[in-house]
file coords-v4.cif (mmCIF, C-alpha atoms)
data_start
#
loop_
_atom_site.group_PDB
_atom_site.id
_atom_site.type_symbol
_atom_site.label_atom_id
_atom_site.label_comp_id
_atom_site.auth_asym_id
_atom_site.auth_seq_id
_atom_site.Cartn_x
_atom_site.Cartn_y
_atom_site.Cartn_z
ATOM 1 C CA MET U 1 10.306 -13.154 -10.269
ATOM 2 C CA GLU U 2 11.427 -15.553 -7.605
ATOM 3 C CA GLY U 3 13.952 -14.297 -5.102
ATOM 4 C CA GLN U 4 13.220 -10.617 -5.684
ATOM 5 C CA ILE U 5 12.594 -9.351 -2.183
ATOM 6 C CA ARG U 6 12.740 -5.650 -1.452
ATOM 7 C CA PRO U 7 12.154 -3.906 1.853
ATOM 8 C CA VAL U 8 9.004 -1.833 2.190
ATOM 9 C CA ALA U 9 9.674 1.807 3.020
ATOM 10 C CA ILE U 10 6.731 4.035 3.840
ATOM 11 C CA SER U 11 7.188 7.613 2.674
ATOM 12 C CA ASP U 12 6.315 10.582 4.856
ATOM 13 C CA GLU U 13 3.337 11.286 2.583
ATOM 14 C CA ALA U 14 2.102 7.711 2.940
ATOM 15 C CA GLN U 15 2.489 7.870 6.729
ATOM 16 C CA LYS U 16 0.479 11.083 6.809
ATOM 17 C CA SER U 17 -2.207 9.488 4.628
ATOM 18 C CA LEU U 18 -2.409 6.476 6.938
ATOM 19 C CA GLU U 19 -2.901 8.782 9.901
ATOM 20 C CA GLN U 20 -5.640 10.709 8.057
ATOM 21 C CA ILE U 21 -7.370 7.468 7.042
ATOM 22 C CA TYR U 22 -7.254 6.297 10.645
ATOM 23 C CA VAL U 23 -8.755 9.540 11.979
ATOM 24 C CA TYR U 24 -11.469 9.415 9.303
ATOM 25 C CA GLY U 25 -12.170 5.785 10.213
ATOM 26 C CA ILE U 26 -12.546 6.620 13.896
ATOM 27 C CA GLU U 27 -14.898 9.526 13.133
ATOM 28 C CA THR U 28 -16.964 7.526 10.638
ATOM 29 C CA PHE U 29 -16.884 3.888 11.782
ATOM 30 C CA ALA U 30 -15.663 3.971 15.424
ATOM 31 C CA TYR U 31 -12.340 3.190 17.024
ATOM 32 C CA THR U 32 -12.450 -0.612 16.738
ATOM 33 C CA ALA U 33 -13.323 -0.729 13.043
ATOM 34 C CA ALA U 34 -10.701 1.903 12.199
ATOM 35 C CA THR U 35 -8.044 0.052 14.171
ATOM 36 C CA VAL U 36 -8.804 -3.280 12.506
ATOM 37 C CA PHE U 37 -8.757 -1.652 9.056
ATOM 38 C CA ILE U 38 -5.408 0.110 9.586
ATOM 39 C CA GLU U 39 -3.793 -2.966 11.142
ATOM 40 C CA GLU U 40 -4.865 -5.132 8.184
ATOM 41 C CA LEU U 41 -3.654 -2.486 5.747
ATOM 42 C CA ILE U 42 -0.236 -2.439 7.438
ATOM 43 C CA VAL U 43 -0.062 -6.257 7.310
ATOM 44 C CA GLN U 44 -0.809 -6.130 3.575
ATOM 45 C CA MET U 45 1.884 -3.483 3.077
ATOM 46 C CA GLU U 46 4.427 -5.633 4.905
ATOM 47 C CA LYS U 47 3.604 -8.563 2.601
ATOM 48 C CA LEU U 48 4.661 -6.451 -0.372
ATOM 49 C CA THR U 49 8.341 -7.280 0.269
ATOM 50 C CA ALA U 50 7.972 -10.441 -1.798
ATOM 51 C CA SER U 51 4.667 -9.969 -3.622
ATOM 52 C CA TYR U 52 4.954 -6.574 -5.312
ATOM 53 C CA LEU U 53 5.359 -8.196 -8.747
ATOM 54 C CA LEU U 54 2.009 -9.946 -8.345
ATOM 55 C CA HIS U 55 0.227 -6.607 -8.636
ATOM 56 C CA PRO U 56 -0.470 -5.166 -12.102
ATOM 57 C CA GLU U 57 1.230 -2.073 -13.433
ATOM 58 C CA TYR U 58 -0.607 1.205 -12.864
ATOM 59 C CA ARG U 59 -1.679 1.964 -16.414
ATOM 60 C CA TYR U 60 -2.023 5.741 -16.024
ATOM 61 C CA ILE U 61 1.697 6.171 -15.272
ATOM 62 C CA PRO U 62 3.412 3.694 -17.610
ATOM 63 C CA THR U 63 7.180 3.339 -17.243
ATOM 64 C CA LYS U 64 9.734 1.003 -18.795
ATOM 65 C CA SER U 65 10.582 -0.412 -15.389
ATOM 66 C CA GLN U 66 6.885 -0.788 -14.433
ATOM 67 C CA MET U 67 7.677 0.824 -11.092
ATOM 68 C CA TYR U 68 4.095 1.872 -10.318
ATOM 69 C CA ARG U 69 1.730 -0.927 -9.299
ATOM 70 C CA ASN U 70 -1.953 -1.222 -8.393
ATOM 71 C CA VAL U 71 -2.612 -2.694 -4.979
ATOM 72 C CA ILE U 72 -6.285 -3.388 -4.303
ATOM 73 C CA PHE U 73 -7.257 -3.421 -0.633
ATOM 74 C CA GLY U 74 -10.964 -4.011 -0.180
ATOM 75 C CA SER U 75 -12.604 -1.316 -2.266
ATOM 76 C CA TYR U 76 -9.529 0.929 -2.158
ATOM 77 C CA LEU U 77 -6.788 1.395 -4.748
ATOM 78 C CA ILE U 78 -3.271 1.992 -3.492
ATOM 79 C CA ILE U 79 -0.592 3.088 -5.934
ATOM 80 C CA LEU U 80 2.701 1.452 -5.049
ATOM 81 C CA SER U 81 5.924 3.055 -6.200
ATOM 82 C CA ASN U 82 8.487 0.305 -6.574
ATOM 83 C CA CYS U 83 11.686 2.341 -6.238
ATOM 84 C CA PRO U 84 14.969 0.452 -5.947
ATOM 85 C CA GLY U 85 17.256 1.312 -3.081
#

call {"tool": "encode", "arguments": {"input": "coords-v4.cif", "output": "structure tokens"}}
result
Amino acid sequence: MEGQIRPVAISDEAQKSLEQIYVYGIETFAYTAATVFIEELIVQMEKLTASYLLHPEYRYIPTKSQMYRNVIFGSYLIILSNCPG
């Protein structure tokens, strides 16, 4: 597991979801809380370059390569697709 570092690439769908989450956060919790939440989420996503193997496999989409992982962020579940390349 050591030495396996992969760059994090955010898909267009994920980018759109982040924008929607941010807008929802502003409407529901105010600008400051939404900004802090999104910034922390992005920091956690950037840390995935070296820590993606620490997260368990997503059991509802089992694959031989275990490419789908659960990432828990607060009370939210993010499904990470660990695609090579």

call {"tool": "resolve_selection", "arguments": {"input": "coords-v4.cif", "expression": "the PyMOL selection byres ((chain U and resi 54) around 12)", "output": "list in words"}}
result
Met1, Glu2, Gln4, Lys47, Leu48, Thr49, Ala50, Ser51, Tyr52, Leu53, His55, Pro56, Glu57, Arg69, Asn70, Val71, Ile72 and Leu80 of chain U

call {"tool": "residues_around", "arguments": {"input": "coords-v4.cif", "residues": "U:Glu46", "least_positions_apart": "4", "cutoff": "12 Å", "atoms": "all atoms listed in the file", "output": "ChimeraX atom specification"}}
result
/U:5-10,39-42,50-52

call {"tool": "closest_residue", "arguments": {"input": "coords-v4.cif", "among": "U:Ile38, U:Met67, U:Ile61, U:Val43", "to": "U:Val23", "atoms": "only C-alpha atoms"}}
result
U:Ile38

call {"tool": "residues_near_point", "arguments": {"input": "coords-v4.cif", "point": "(-5.9, 5.8, 9.2)", "cutoff": "12 Å", "atoms": "all atoms listed in the file", "output": "compact mmCIF listing (two decimals) with C-alpha atoms, in the frame of the given file"}}
result
# COMPACT_ATOMS: atom_id res chain seq x y z
CA ALA U 14 2.10 7.71 2.94
CA GLN U 15 2.49 7.87 6.73
CA LYS U 16 0.48 11.08 6.81
CA SER U 17 -2.21 9.49 4.63
CA LEU U 18 -2.41 6.48 6.94
CA GLU U 19 -2.90 8.78 9.90
CA GLN U 20 -5.64 10.71 8.06
CA ILE U 21 -7.37 7.47 7.04
CA TYR U 22 -7.25 6.30 10.64
CA VAL U 23 -8.76 9.54 11.98
CA TYR U 24 -11.47 9.41 9.30
CA GLY U 25 -12.17 5.78 10.21
CA ILE U 26 -12.55 6.62 13.90
CA GLU U 27 -14.90 9.53 13.13
CA THR U 28 -16.96 7.53 10.64
CA PHE U 29 -16.88 3.89 11.78
CA ALA U 30 -15.66 3.97 15.42
CA TYR U 31 -12.34 3.19 17.02
CA THR U 32 -12.45 -0.61 16.74
CA ALA U 33 -13.32 -0.73 13.04
CA ALA U 34 -10.70 1.90 12.20
CA THR U 35 -8.04 0.05 14.17
CA VAL U 36 -8.80 -3.28 12.51
CA PHE U 37 -8.76 -1.65 9.06
CA ILE U 38 -5.41 0.11 9.59
CA GLU U 39 -3.79 -2.97 11.14
CA GLU U 40 -4.86 -5.13 8.18
CA LEU U 41 -3.65 -2.49 5.75
CA ILE U 42 -0.24 -2.44 7.44
